[in-house]
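A.B. asks: One file: entry26.cif (mmCIF, C-alpha atoms).
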```cif
data_data
loop_
_atom_site.label_atom_id
_atom_site.label_comp_id
_atom_site.auth_asym_id
_atom_site.auth_seq_id
_atom_site.Cartn_x
_atom_site.Cartn_y
_atom_site.Cartn_z
CA MET O 1 -43.86 205.61 49.12
CA ASP O 2 -40.24 204.99 48.30
CA SER O 3 -39.21 208.43 49.56
CA ASN O 4 -41.04 207.87 52.87
CA GLU O 5 -39.33 204.53 53.29
CA LYS O 6 -35.94 206.16 52.78
CA LYS O 7 -36.70 208.68 55.51
CA ILE O 8 -37.39 205.98 58.07
CA ASP O 9 -34.58 203.61 57.05
CA ALA O 10 -33.17 202.02 60.18
CA GLN O 11 -29.60 202.89 61.15
CA PRO O 12 -27.06 201.23 63.45
CA ARG O 13 -27.56 202.20 67.09
CA GLN O 14 -24.69 202.97 69.49
CA LEU O 15 -25.37 200.13 71.95
CA LEU O 16 -21.82 198.99 72.77
CA SER O 17 -19.68 200.28 75.66
CA VAL O 18 -15.86 200.17 75.83
CA PHE O 19 -16.15 197.02 77.95
CA ASP O 20 -18.43 195.43 75.35
CA GLY O 21 -15.99 196.35 72.58
CA VAL O 22 -12.94 194.99 74.42
CA PHE O 23 -14.82 191.77 75.16
CA LEU O 24 -15.78 191.37 71.52
CA MET O 25 -12.25 192.15 70.37
CA VAL O 26 -10.65 189.63 72.74
CA GLY O 27 -13.10 187.04 71.44
CA MET O 28 -12.10 187.88 67.86
CA VAL O 29 -8.42 187.30 68.66
CA ILE O 30 -8.38 184.39 71.08
CA GLY O 31 -9.21 181.37 69.02
CA VAL O 32 -7.87 177.98 68.10
CA GLY O 33 -4.38 179.29 67.33
CA ILE O 34 -3.30 179.28 70.98
CA PHE O 35 -4.01 175.53 71.05
CA LYS O 36 -2.22 174.75 67.77
CA ALA O 37 0.59 177.26 67.20
CA PRO O 38 2.87 177.05 70.28
CA SER O 39 4.42 173.69 69.41
CA VAL O 40 5.23 174.91 65.87
CA VAL O 41 6.71 178.11 67.28
CA ALA O 42 8.80 176.12 69.77
CA GLY O 43 10.16 174.03 66.92
CA ASN O 44 11.59 177.14 65.26
CA VAL O 45 13.37 178.82 68.18
CA ALA O 46 16.49 177.89 70.13
CA SER O 47 15.37 178.34 73.74
CA GLY O 48 12.49 178.97 76.09
CA SER O 49 13.42 182.62 76.43
CA GLU O 50 13.35 183.06 72.64
CA PHE O 51 10.00 181.27 72.57
CA LEU O 52 8.51 183.79 74.98
CA LEU O 53 10.17 186.72 73.20
CA VAL O 54 8.54 185.92 69.84
CA TRP O 55 5.13 185.82 71.53
CA LEU O 56 5.85 189.16 73.15
CA ALA O 57 7.01 190.50 69.75
CA GLY O 58 3.71 189.37 68.26
CA GLY O 59 1.88 191.47 70.83
CA VAL O 60 4.08 194.50 70.11
CA ILE O 61 3.53 194.20 66.33
CA SER O 62 -0.20 193.81 66.87
CA LEU O 63 -0.19 196.86 69.13
CA ALA O 64 1.51 198.84 66.33
CA GLY O 65 -1.28 197.76 64.00
CA ALA O 66 -3.90 198.61 66.62
CA LEU O 67 -2.45 202.13 66.93
CA VAL O 68 -2.68 202.55 63.15
CA TYR O 69 -6.29 201.36 63.24
CA ALA O 70 -7.03 203.62 66.20
CA GLU O 71 -6.06 206.69 64.17
CA LEU O 72 -7.99 205.41 61.15
CA SER O 73 -11.03 204.82 63.36
CA SER O 74 -10.77 208.29 64.87
CA ARG O 75 -10.87 209.70 61.33
CA HIS O 76 -13.74 207.52 60.10
CA ALA O 77 -15.65 206.08 63.05
CA ASP O 78 -18.26 204.30 60.97
CA THR O 79 -19.61 200.77 60.62
CA GLY O 80 -17.53 199.12 57.92
CA GLY O 81 -13.96 199.25 59.26
CA GLU O 82 -11.34 198.74 56.53
CA TYR O 83 -14.01 199.24 53.89
CA ALA O 84 -14.56 202.82 55.10
CA PHE O 85 -10.80 203.46 55.44
CA LEU O 86 -10.02 202.20 51.94
CA SER O 87 -12.97 204.03 50.41
CA HIS O 88 -11.90 207.40 51.83
CA GLY O 89 -8.18 206.82 51.34
CA LEU O 90 -7.72 204.85 48.11
CA GLY O 91 -11.09 205.25 46.39
CA ARG O 92 -14.27 203.37 45.58
CA GLY O 93 -12.57 200.80 43.38
CA THR O 94 -10.21 199.58 46.12
CA ALA O 95 -13.02 199.60 48.67
CA PHE O 96 -15.24 197.60 46.31
CA MET O 97 -12.51 194.99 45.75
CA PHE O 98 -11.96 194.69 49.49
CA ALA O 99 -15.64 194.31 50.32
CA TRP O 100 -16.11 191.78 47.52
CA SER O 101 -13.07 189.81 48.73
CA ARG O 102 -14.20 189.96 52.32
CA ILE O 103 -17.65 188.51 51.70
CA THR O 104 -16.39 185.82 49.29
CA VAL O 105 -12.88 184.98 50.61
CA ILE O 106 -11.55 186.67 53.74
CA GLN O 107 -14.31 186.67 56.33
CA THR O 108 -16.34 183.76 55.06
CA GLY O 109 -13.19 181.64 54.64
CA ALA O 110 -12.02 182.54 58.15
CA ILE O 111 -15.40 181.63 59.64
CA ALA O 112 -15.31 178.31 57.76
CA ALA O 113 -11.75 177.58 58.97
CA VAL O 114 -12.64 178.10 62.62
CA ALA O 115 -15.88 176.16 62.12
CA PHE O 116 -13.83 173.15 61.00
CA VAL O 117 -11.72 173.29 64.17
CA PHE O 118 -14.93 173.44 66.18
CA GLY O 119 -16.12 170.41 64.23
CA ASP O 120 -12.88 168.49 64.79
CA TYR O 121 -13.03 168.88 68.56
CA ALA O 122 -16.79 168.42 68.83
CA SER O 123 -16.32 165.15 66.97
CA GLN O 124 -14.00 163.94 69.72
CA ILE O 125 -16.87 164.33 72.17
CA LEU O 126 -19.63 162.89 69.95
CA PRO O 127 -18.62 161.70 66.46
CA LEU O 128 -21.21 161.89 63.67
CA GLY O 129 -19.57 159.72 61.02
CA LYS O 130 -17.29 160.37 58.04
CA TYR O 131 -18.25 164.02 57.61
CA SER O 132 -18.66 164.71 61.32
CA SER O 133 -16.41 167.80 61.34
CA ALA O 134 -18.19 169.37 58.37
CA ILE O 135 -21.61 168.64 59.89
CA TYR O 136 -20.67 170.29 63.17
CA ALA O 137 -19.07 173.18 61.27
CA ALA O 138 -22.26 173.79 59.28
CA LEU O 139 -24.48 173.50 62.36
CA GLY O 140 -22.28 175.99 64.21
CA VAL O 141 -22.51 178.54 61.38
CA ILE O 142 -26.29 178.09 61.06
CA GLY O 143 -26.85 178.40 64.81
CA LEU O 144 -24.69 181.49 65.31
CA THR O 145 -26.06 183.21 62.21
CA ALA O 146 -29.56 182.65 63.60
CA LEU O 147 -28.49 184.13 66.94
CA ASN O 148 -27.06 187.21 65.23
CA LEU O 149 -30.35 187.61 63.37
CA VAL O 150 -32.11 187.87 66.74
CA GLY O 151 -30.17 191.02 67.56
CA THR O 152 -27.07 192.85 68.75
CA LEU O 153 -27.85 192.85 72.48
CA GLN O 154 -28.52 189.11 72.54
CA THR O 155 -25.33 188.42 70.56
CA LYS O 156 -23.03 190.42 72.83
CA SER O 157 -24.55 188.74 75.92
CA LEU O 158 -23.72 185.26 74.63
CA GLN O 159 -20.28 186.51 73.62
CA LYS O 160 -19.57 187.59 77.20
CA VAL O 161 -20.66 184.22 78.61
CA MET O 162 -18.64 182.16 76.10
CA GLU O 163 -15.58 184.36 76.35
CA THR O 164 -15.60 184.26 80.15
CA LEU O 165 -15.63 180.46 80.01
CA LEU O 166 -12.80 180.47 77.46
CA ILE O 167 -10.58 182.83 79.47
CA LEU O 168 -11.19 180.82 82.65
CA GLY O 169 -10.28 177.64 80.76
CA LEU O 170 -7.07 179.11 79.37
CA VAL O 171 -6.04 180.50 82.75
CA SER O 172 -6.72 177.09 84.31
CA VAL O 173 -4.47 175.38 81.75
CA ALA O 174 -1.75 177.98 82.35
CA LEU O 175 -1.88 177.73 86.15
CA GLY O 176 -2.09 173.95 85.97
CA GLY O 177 1.01 173.93 83.78
CA LEU O 178 2.85 176.00 86.37
CA LEU O 179 1.76 173.64 89.16
CA VAL O 180 2.98 170.52 87.34
CA SER O 181 6.11 172.38 86.21
CA SER O 182 8.74 170.02 84.84
CA PRO O 183 12.03 170.55 86.69
CA ALA O 184 13.86 168.45 84.16
CA GLN O 185 14.87 170.44 81.14
CA PRO O 186 17.13 173.43 80.81
CA VAL O 187 15.73 176.23 78.81
CA ALA O 188 18.50 176.38 76.23
CA VAL O 189 18.69 173.78 73.49
CA SER O 190 20.61 173.42 70.28
CA ALA O 191 20.62 176.35 67.92
CA ALA O 192 17.81 176.83 65.46
CA SER O 193 18.39 175.32 62.08
CA PRO O 194 19.57 177.59 59.28
CA GLY O 195 16.57 179.07 57.67
CA GLY O 196 14.45 178.06 60.50
CA SER O 197 13.11 179.87 61.27
CA TYR O 198 12.07 182.89 63.18
CA GLY O 199 10.10 183.87 60.09
CA LEU O 200 7.98 180.72 60.26
CA ALA O 201 7.61 181.16 64.02
CA MET O 202 6.30 184.71 63.52
CA ILE O 203 3.84 183.55 60.84
CA PHE O 204 2.15 181.31 63.40
CA VAL O 205 2.45 183.83 66.22
CA LEU O 206 0.83 186.60 64.15
CA LEU O 207 -1.82 184.18 62.91
CA THR O 208 -2.68 183.50 66.55
CA TYR O 209 -2.85 187.24 67.28
CA GLY O 210 -4.97 187.82 64.17
CA GLY O 211 -8.45 189.25 64.45
CA TRP O 212 -7.86 192.40 66.49
CA ASN O 213 -8.61 194.51 63.39
CA GLU O 214 -12.19 193.24 63.46
CA ALA O 215 -12.92 195.69 66.29
CA ALA O 216 -12.81 198.52 63.74
CA TYR O 217 -16.12 197.22 62.35
CA LEU O 218 -17.87 198.21 65.57
CA GLY O 219 -17.26 201.94 65.02
CA GLY O 220 -20.86 202.73 64.10
CA GLU O 221 -22.26 200.89 67.16
CA VAL O 222 -19.87 202.05 69.91
CA ARG O 223 -20.79 204.94 72.19
CA GLU O 224 -18.57 208.00 71.58
CA PRO O 225 -16.62 206.12 68.90
CA ARG O 226 -13.90 208.70 68.21
CA LYS O 227 -12.69 208.38 71.79
CA ASN O 228 -13.68 204.83 72.68
CA MET O 229 -12.47 202.97 69.59
CA THR O 230 -8.87 203.85 70.56
CA ARG O 231 -9.44 202.45 74.05
CA ILE O 232 -11.02 199.27 72.68
CA LEU O 233 -8.17 198.57 70.24
CA VAL O 234 -5.30 199.30 72.65
CA TRP O 235 -6.74 197.65 75.76
CA GLY O 236 -7.90 194.67 73.72
CA ILE O 237 -4.36 193.99 72.45
CA ILE O 238 -2.86 194.44 75.92
CA ALA O 239 -5.37 191.97 77.40
CA VAL O 240 -4.71 189.37 74.69
CA THR O 241 -0.91 189.70 74.98
CA ALA O 242 -1.05 189.25 78.76
CA LEU O 243 -3.22 186.13 78.44
CA TYR O 244 -1.06 184.61 75.68
CA MET O 245 2.11 185.19 77.70
CA LEU O 246 0.55 183.53 80.75
CA VAL O 247 -0.64 180.51 78.76
CA ASN O 248 2.70 180.02 77.00
CA ILE O 249 4.60 180.32 80.29
CA GLY O 250 2.34 177.54 81.58
CA TYR O 251 3.02 175.38 78.52
CA LEU O 252 6.75 175.95 78.84
CA ALA O 253 6.81 175.22 82.57
CA ALA O 254 4.94 171.94 82.14
CA LEU O 255 6.69 170.50 79.07
CA GLY O 256 9.93 172.42 78.62
CA ILE O 257 11.04 173.65 75.21
CA ASN O 258 12.02 170.16 74.01
CA GLY O 259 8.73 168.68 75.15
CA MET O 260 6.84 171.42 73.31
CA LYS O 261 8.82 170.77 70.12
CA GLU O 262 7.88 167.09 70.21
CA SER O 263 4.23 167.71 71.07
CA LYS O 264 1.56 167.40 68.38
CA ALA O 265 -1.05 169.06 70.62
CA VAL O 266 0.68 171.02 73.33
CA ALA O 267 -2.42 172.02 75.28
CA ALA O 268 -3.70 168.43 75.29
CA ASP O 269 -0.35 167.17 76.63
CA VAL O 270 -0.44 169.75 79.41
CA MET O 271 -4.00 168.73 80.27
CA ARG O 272 -2.94 165.08 80.45
CA LEU O 273 -0.28 166.03 82.98
CA ILE O 274 -2.86 167.94 85.00
CA ALA O 275 -5.86 165.60 84.86
CA GLY O 276 -4.97 162.43 82.96
CA GLU O 277 -6.95 161.27 79.95
CA LYS O 278 -10.07 163.01 81.23
CA GLY O 279 -8.18 166.19 80.55
CA ALA O 280 -8.41 165.51 76.81
CA ILE O 281 -12.21 165.73 76.93
CA LEU O 282 -12.01 168.88 79.01
CA LEU O 283 -9.61 170.38 76.48
CA ALA O 284 -11.99 169.48 73.64
CA VAL O 285 -14.73 171.42 75.43
CA ILE O 286 -12.41 174.42 75.92
CA VAL O 287 -11.41 174.41 72.24
CA CYS O 288 -15.06 174.16 71.18
CA VAL O 289 -15.89 177.19 73.33
CA SER O 290 -12.88 179.01 71.86
CA ALA O 291 -13.90 178.25 68.28
CA PHE O 292 -17.55 179.09 68.96
CA THR O 293 -16.56 182.43 70.51
CA THR O 294 -14.35 183.33 67.54
CA MET O 295 -17.04 182.31 65.03
CA ASN O 296 -19.67 184.39 66.81
CA ALA O 297 -17.49 187.51 66.81
CA ALA O 298 -16.50 187.02 63.14
CA ILE O 299 -20.11 186.53 62.05
CA PHE O 300 -21.12 189.64 64.01
CA THR O 301 -18.48 191.90 62.44
CA GLY O 302 -18.40 190.34 58.96
CA ALA O 303 -21.96 191.26 58.19
CA ARG O 304 -21.19 194.91 58.99
CA THR O 305 -18.87 195.14 55.99
CA SER O 306 -21.53 193.70 53.71
CA TYR O 307 -23.98 196.26 55.10
CA ALA O 308 -21.62 199.16 54.32
CA PHE O 309 -20.93 197.63 50.90
CA GLY O 310 -24.63 197.46 50.07
CA ARG O 311 -25.18 201.12 50.95
CA ASP O 312 -22.63 202.23 48.36
CA PHE O 313 -23.21 199.94 45.36
CA ALA O 314 -26.67 199.53 43.89
CA VAL O 315 -26.13 196.01 42.58
CA PHE O 316 -25.62 194.86 46.20
CA ALA O 317 -28.22 197.21 47.70
CA HIS O 318 -30.08 194.31 49.31
CA LEU O 319 -27.07 193.86 51.65
CA GLY O 320 -27.40 197.46 52.88
CA ARG O 321 -30.70 196.96 54.67
CA TRP O 322 -30.61 197.34 58.45
CA ARG O 323 -33.43 195.65 60.35
CA GLU O 324 -34.76 197.76 63.21
CA ALA O 325 -35.98 194.72 65.13
CA GLY O 326 -32.88 193.60 67.01
CA SER O 327 -30.76 196.32 65.33
CA THR O 328 -29.02 193.93 62.94
CA PRO O 329 -28.01 193.74 59.22
CA ALA O 330 -30.25 190.75 58.56
CA THR O 331 -29.79 190.33 54.80
CA ALA O 332 -26.01 190.63 55.06
CA LEU O 333 -26.00 187.95 57.77
CA LEU O 334 -27.97 185.56 55.57
CA TRP O 335 -25.66 186.16 52.57
CA GLN O 336 -22.57 185.62 54.70
CA GLY O 337 -23.97 182.42 56.17
CA ALA O 338 -24.83 181.02 52.74
CA VAL O 339 -21.35 181.70 51.31
CA THR O 340 -19.71 180.17 54.39
CA LEU O 341 -21.80 177.01 54.05
CA VAL O 342 -20.72 176.67 50.40
CA LEU O 343 -17.06 176.91 51.47
CA ILE O 344 -17.59 174.32 54.21
CA ALA O 345 -19.19 171.95 51.71
CA ALA O 346 -16.27 172.36 49.29
CA SER O 347 -13.63 171.99 52.01
CA ALA O 348 -15.30 168.85 53.35
CA LEU O 349 -14.00 167.08 50.24
CA THR O 350 -10.35 167.96 51.06
CA PRO O 351 -8.04 166.10 53.49
CA ASP O 352 -8.03 169.03 55.93
CA GLY O 353 -10.77 171.64 55.75
CA PHE O 354 -9.02 173.99 58.18
CA SER O 355 -5.74 174.04 56.19
CA ALA O 356 -7.59 174.51 52.92
CA MET O 357 -9.40 177.57 54.28
CA VAL O 358 -6.21 179.11 55.71
CA ALA O 359 -4.53 178.80 52.32
CA TYR O 360 -7.62 180.16 50.55
CA THR O 361 -7.86 183.31 52.67
CA SER O 362 -4.30 184.29 53.68
CA PRO O 363 -2.85 186.01 50.56
CA VAL O 364 -6.02 188.02 49.93
CA PHE O 365 -6.22 189.06 53.58
CA TRP O 366 -2.63 190.37 53.71
CA VAL O 367 -3.04 192.31 50.44
CA PHE O 368 -5.79 194.43 51.95
CA PHE O 369 -4.18 194.64 55.39
CA LEU O 370 -1.14 196.21 53.68
CA LEU O 371 -3.32 198.60 51.66
CA THR O 372 -5.14 199.65 54.84
CA GLY O 373 -1.82 200.53 56.48
CA ILE O 374 -0.90 202.61 53.43
CA THR O 375 -4.12 204.64 53.75
CA LEU O 376 -2.79 206.21 56.94
CA PHE O 377 0.02 207.83 54.95
CA VAL O 378 -2.55 209.06 52.42
CA PHE O 379 -4.65 210.66 55.18
CA ARG O 380 -1.60 212.25 56.80
CA ALA O 381 -0.63 213.79 53.45
CA LYS O 382 -4.11 215.36 53.24
CA ASP O 383 -4.16 216.71 56.82
CA ALA O 384 -3.21 220.20 55.69
CA GLU O 385 -6.42 220.29 53.65
CA GLY O 386 -8.82 219.34 56.42
CA SER O 387 -9.42 218.72 60.12
CA LYS O 388 -7.01 216.56 62.09
CA PRO O 389 -8.10 213.42 63.99
CA SER O 390 -8.62 213.18 67.74
CA PHE O 391 -5.94 210.45 67.94
CA ARG O 392 -2.60 210.32 66.13
CA VAL O 393 -0.22 207.35 66.04
CA PRO O 394 2.78 207.99 68.30
CA GLY O 395 6.17 207.46 66.66
CA TYR O 396 4.94 208.31 63.17
CA PRO O 397 6.17 207.30 60.59
CA VAL O 398 8.18 204.47 62.22
CA VAL O 399 5.22 202.66 63.78
CA PRO O 400 3.02 202.54 60.64
CA LEU O 401 6.05 201.71 58.46
CA ALA O 402 6.86 198.75 60.72
CA PHE O 403 3.25 197.61 60.49
CA CYS O 404 3.27 197.84 56.67
CA ALA O 405 6.59 195.96 56.50
CA MET O 406 5.09 193.16 58.59
CA CYS O 407 2.07 193.00 56.28
CA ALA O 408 4.33 192.77 53.19
CA TYR O 409 6.36 189.98 54.78
CA MET O 410 3.24 188.03 55.74
CA LEU O 411 1.89 188.43 52.19
CA TYR O 412 5.11 186.98 50.79
CA SER O 413 5.06 184.15 53.33
CA SER O 414 1.44 183.19 52.62
CA ILE O 415 2.20 182.88 48.89
CA ASP O 416 5.49 181.08 49.61
CA PHE O 417 3.47 178.29 51.26
CA ILE O 418 2.97 176.95 47.72
CA ARG O 419 6.60 175.78 47.80
CA GLY O 420 6.28 174.41 51.31
CA PRO O 421 5.46 170.96 52.69
CA TYR O 422 1.75 171.23 51.92
CA GLY O 423 2.44 171.15 48.21
CA PRO O 424 -0.20 171.28 45.48
CA SER O 425 -3.24 171.33 47.80
CA PHE O 426 -2.16 174.70 49.21
CA GLY O 427 -1.33 175.94 45.72
CA VAL O 428 -4.85 175.21 44.49
CA ALA O 429 -6.40 176.90 47.52
CA VAL O 430 -4.16 179.98 47.22
CA LEU O 431 -4.92 180.36 43.51
CA GLY O 432 -8.61 179.82 44.21
CA GLY O 433 -8.74 182.70 46.69
CA VAL O 434 -6.83 185.01 44.35
CA ALA O 435 -9.09 184.06 41.42
CA VAL O 436 -12.26 184.81 43.40
CA MET O 437 -10.78 188.17 44.44
CA ALA O 438 -9.95 188.97 40.80
CA ALA O 439 -13.51 188.14 39.78
CA GLY O 440 -14.54 191.31 41.58
CA LEU O 441 -12.89 193.49 38.93
CA PRO O 442 -15.41 192.95 36.10
CA ILE O 443 -18.25 193.14 38.64
CA TYR O 444 -16.97 196.54 39.77
CA PHE O 445 -16.78 197.94 36.25
CA LEU O 446 -20.35 196.79 35.62
CA SER O 447 -21.91 197.68 38.96
CA GLY O 448 -19.85 200.66 40.10
CA ARG O 449 -21.00 202.96 37.30
CA ARG O 450 -24.56 201.82 37.72
CA ALA O 451 -24.45 202.76 41.40
CA GLU O 452 -23.27 206.26 40.56
CA ALA O 453 -25.94 206.82 37.94
#
```
Please express the file's structure as structure tokens.

C.D. replies:
Amino acid sequence: MDSNEKKIDAQPRQLLSVFDGVFLMVGMVIGVGIFKAPSVVAGNVASGSEFLLVWLAGGVISLAGALVYAELSSRHADTGGEYAFLSHGLGRGTAFMFAWSRITVIQTGAIAAVAFVFGDYASQILPLGKYSSAIYAALGVIGLTALNLVGTLQTKSLQKVMETLLILGLVSVALGGLLVSSPAQPVAVSAASPGGSYGLAMIFVLLTYGGWNEAAYLGGEVREPRKNMTRILVWGIIAVTALYMLVNIGYLAALGINGMKESKAVAADVMRLIAGEKGAILLAVIVCVSAFTTMNAAIFTGARTSYAFGRDFAVFAHLGRWREAGSTPATALLWQGAVTLVLIAASALTPDGFSAMVAYTSPVFWVFFLLTGITLFVFRAKDAEGSKPSFRVPGYPVVPLAFCAMCAYMLYSSIDFIRGPYGPSFGVAVLGGVAVMAAGLPIYFLSGRRAEA
């Protein structure tokens, strides 16, 4: 009976087109950062032109990373993304540690962080008491996990609707900002303070661009993946960069660089100029759509790692079950949802759930992003021994080296937050994420051998 069941095990189906993949990728990238980060970035540059240049630089750096991932995807076009790359390039142990960290820290923490932003803005529309943000966050995770359980086709349809609304909202804010353009302020202002800080500006810019790598998890469900994954990654980054540049030009036109520096919520201030106080409610709706779109995409892709993880390690075999009805990794979705709800409950007891989750996830995320970049050099070194990929990164080795250098800098910066203005609360969260990651080591030594037996 067992052998028959193995023969008819359901597998991922190639249901996604290039357009579907680009739409999902844009939804993974465009999130709450574009509503929060620009004022911080403006506070760390000397002029409007420098402000726009760092946003353009963020797109270029992300494109370099996308090119690295495009080659990796052309080599291993399989559901699982970085998990598959690390497994083939650096071995089972590294892949195990990544997958463990992703389902306990990286992806679940990121979903929880965005869920808190959704909760914050939903609470402005209809508050639910002291724990309103956490309640909305939990309801959002439960609802979207349930939707993903229904199936892939239903999930991507909702993603298209939500993302269309989000893009229209962002374009409206950008064009409105241009229409109410402030003629007052010159672009140049006093020089940036010593230390301050193009590095800090880039941290927030790259955080806002973050998420494009999630498209690699669609490899097993994209039609003609060796060819189309490259198109999805490159065109997705180009689309996001163009939209971010348009939105930031709108912000800058409406408020000027000084006005942006003084703003606590730059998009809200632009909306007030466009539509008065009613604009604040409209902005809250836009941010909720943004957060919901990002959560949906992250839940969709996150469960694919757990699925790949479960196929390779017997102790987590229950995660490797693919449900034919709806073509979805049902068990992995339920596990991911449960872990995320635990993180939301814990973060609800902190002063700022979003900040706590950013600190919890960041160092662990950049460790594995750096290791994934390194795998490209490993694969290139082995090319003489096997077949070459259908896509190769142009400008090798400069482009992947630049990407790895950026990852190393972001890793340093995420740990350096401990000494920053957030103090001990960030330190506890950072150490918590690292400790949970480290807990995967003994689990690997116990479960890895058992899986191979």

A.B. asks: Run the PyMOL selection byres ((chain O and resi 20-27) around 6) against the file shown and list the residues it catches, as number ranges by chain.

C.D. replies: O: 16-19, 28-30, 212, 215, 232, 236, 293-294

A.B. asks: Name the residues that the PyMOL selection byres ((chain O and resi 149) around 8) pulls out of this structure, and write them as a VMD selection string.

C.D. replies: chain O and resid 145 to 148 150 to 151 326 328 to 330 333

A.B. asks: Could you list, as a list in words, every residue within 12 Å of Lys130 in chain O, counting only C-alpha atoms and ignoring same-chain residues fewer than 6 positions away?

C.D. replies: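 Contacts, in chain order: Gly119, Asp120, Ser123, Tyr136, Ala348, Leu349 and Pro351 of chain O.
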
A.B. asks: Quick one: residues within 9 Å of Ser347 in chain O, all atoms listed in the file, excluding same-chain residues fewer than 4 positions away - as a PyMOL selection string?

C.D. replies: chain O and resi 112+134+342-343+351-354+356-357

A.B. asks: At a cut-off of 12 Å, using all atoms listed in the file, what residues contact Val436 in chain O? Leave out same-chain residues fewer than 4 positions from it and give the result as a PyMOL selection string.

C.D. replies: chain O and resi 97-98+100-106+109+360-361+363-364+429-432+440-443

A.B. asks: Residue by residue, what does the PyMOL selection byres ((chain O and resi 72) around 10) grab here? Present the result as an mmCIF file with C-alpha atoms, keeping the file's coordinate frame.

C.D. replies:
```cif
data_model
loop_
_atom_site.group_PDB
_atom_site.id
_atom_site.type_symbol
_atom_site.label_atom_id
_atom_site.label_comp_id
_atom_site.auth_asym_id
_atom_site.auth_seq_id
_atom_site.Cartn_x
_atom_site.Cartn_y
_atom_site.Cartn_z
ATOM 1 C CA ALA O 66 -3.900 198.610 66.620
ATOM 2 C CA LEU O 67 -2.450 202.130 66.930
ATOM 3 C CA VAL O 68 -2.680 202.550 63.150
ATOM 4 C CA TYR O 69 -6.290 201.360 63.240
ATOM 5 C CA ALA O 70 -7.030 203.620 66.200
ATOM 6 C CA GLU O 71 -6.060 206.690 64.170
ATOM 7 C CA SER O 73 -11.030 204.820 63.360
ATOM 8 C CA SER O 74 -10.770 208.290 64.870
ATOM 9 C CA ARG O 75 -10.870 209.700 61.330
ATOM 10 C CA HIS O 76 -13.740 207.520 60.100
ATOM 11 C CA ALA O 77 -15.650 206.080 63.050
ATOM 12 C CA GLY O 81 -13.960 199.250 59.260
ATOM 13 C CA GLU O 82 -11.340 198.740 56.530
ATOM 14 C CA ALA O 84 -14.560 202.820 55.100
ATOM 15 C CA PHE O 85 -10.800 203.460 55.440
ATOM 16 C CA LEU O 86 -10.020 202.200 51.940
ATOM 17 C CA GLY O 89 -8.180 206.820 51.340
ATOM 18 C CA ALA O 216 -12.810 198.520 63.740
ATOM 19 C CA ARG O 226 -13.900 208.700 68.210
ATOM 20 C CA MET O 229 -12.470 202.970 69.590
ATOM 21 C CA THR O 230 -8.870 203.850 70.560
ATOM 22 C CA THR O 372 -5.140 199.650 54.840
ATOM 23 C CA GLY O 373 -1.820 200.530 56.480
ATOM 24 C CA THR O 375 -4.120 204.640 53.750
ATOM 25 C CA LEU O 376 -2.790 206.210 56.940
ATOM 26 C CA PHE O 379 -4.650 210.660 55.180
ATOM 27 C CA PRO O 389 -8.100 213.420 63.990
ATOM 28 C CA PHE O 391 -5.940 210.450 67.940
ATOM 29 C CA ARG O 392 -2.600 210.320 66.130
ATOM 30 C CA VAL O 393 -0.220 207.350 66.040
#
```

A.B. asks: Taking 5 positions as the minimum chain separation for residues in the same chain, which residues sit within 12 Å of Ser362 in chain O when counting all atoms listed in the file? Answer as a short mmCIF file (atom, residue, chain, number, x, y, z; two decimals) with C-alpha atoms, keeping the file's coordinate frame.

C.D. replies:
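Output below, filename result.cif:
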```
data_model
loop_
_atom_site.label_atom_id
_atom_site.label_comp_id
_atom_site.auth_asym_id
_atom_site.auth_seq_id
_atom_site.Cartn_x
_atom_site.Cartn_y
_atom_site.Cartn_z
CA SER O 101 -13.07 189.81 48.73
CA ARG O 102 -14.20 189.96 52.32
CA VAL O 105 -12.88 184.98 50.61
CA ILE O 106 -11.55 186.67 53.74
CA GLN O 107 -14.31 186.67 56.33
CA GLY O 109 -13.19 181.64 54.64
CA ALA O 110 -12.02 182.54 58.15
CA ALA O 113 -11.75 177.58 58.97
CA ILE O 203 3.84 183.55 60.84
CA LEU O 206 0.83 186.60 64.15
CA LEU O 207 -1.82 184.18 62.91
CA GLY O 210 -4.97 187.82 64.17
CA SER O 355 -5.74 174.04 56.19
CA ALA O 356 -7.59 174.51 52.92
CA MET O 357 -9.40 177.57 54.28
CA VAL O 367 -3.04 192.31 50.44
CA PHE O 368 -5.79 194.43 51.95
CA PHE O 369 -4.18 194.64 55.39
CA CYS O 407 2.07 193.00 56.28
CA MET O 410 3.24 188.03 55.74
CA LEU O 411 1.89 188.43 52.19
CA TYR O 412 5.11 186.98 50.79
CA SER O 413 5.06 184.15 53.33
CA SER O 414 1.44 183.19 52.62
CA ILE O 415 2.20 182.88 48.89
CA ASP O 416 5.49 181.08 49.61
CA PHE O 417 3.47 178.29 51.26
CA ILE O 418 2.97 176.95 47.72
CA PHE O 426 -2.16 174.70 49.21
CA GLY O 427 -1.33 175.94 45.72
CA ALA O 429 -6.40 176.90 47.52
CA VAL O 430 -4.16 179.98 47.22
CA LEU O 431 -4.92 180.36 43.51
CA GLY O 432 -8.61 179.82 44.21
CA GLY O 433 -8.74 182.70 46.69
CA VAL O 434 -6.83 185.01 44.35
CA MET O 437 -10.78 188.17 44.44
#
```

A.B. asks: Point out the residue among O:Val161, O:Ile286, O:Gly310, O:Ala267 with the least atom-to-atom distance to Ser447 in chain O, counting only C-alpha atoms.

C.D. replies: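 That would be O:Gly310, the residue with the smallest distance to Ser447 in chain O.
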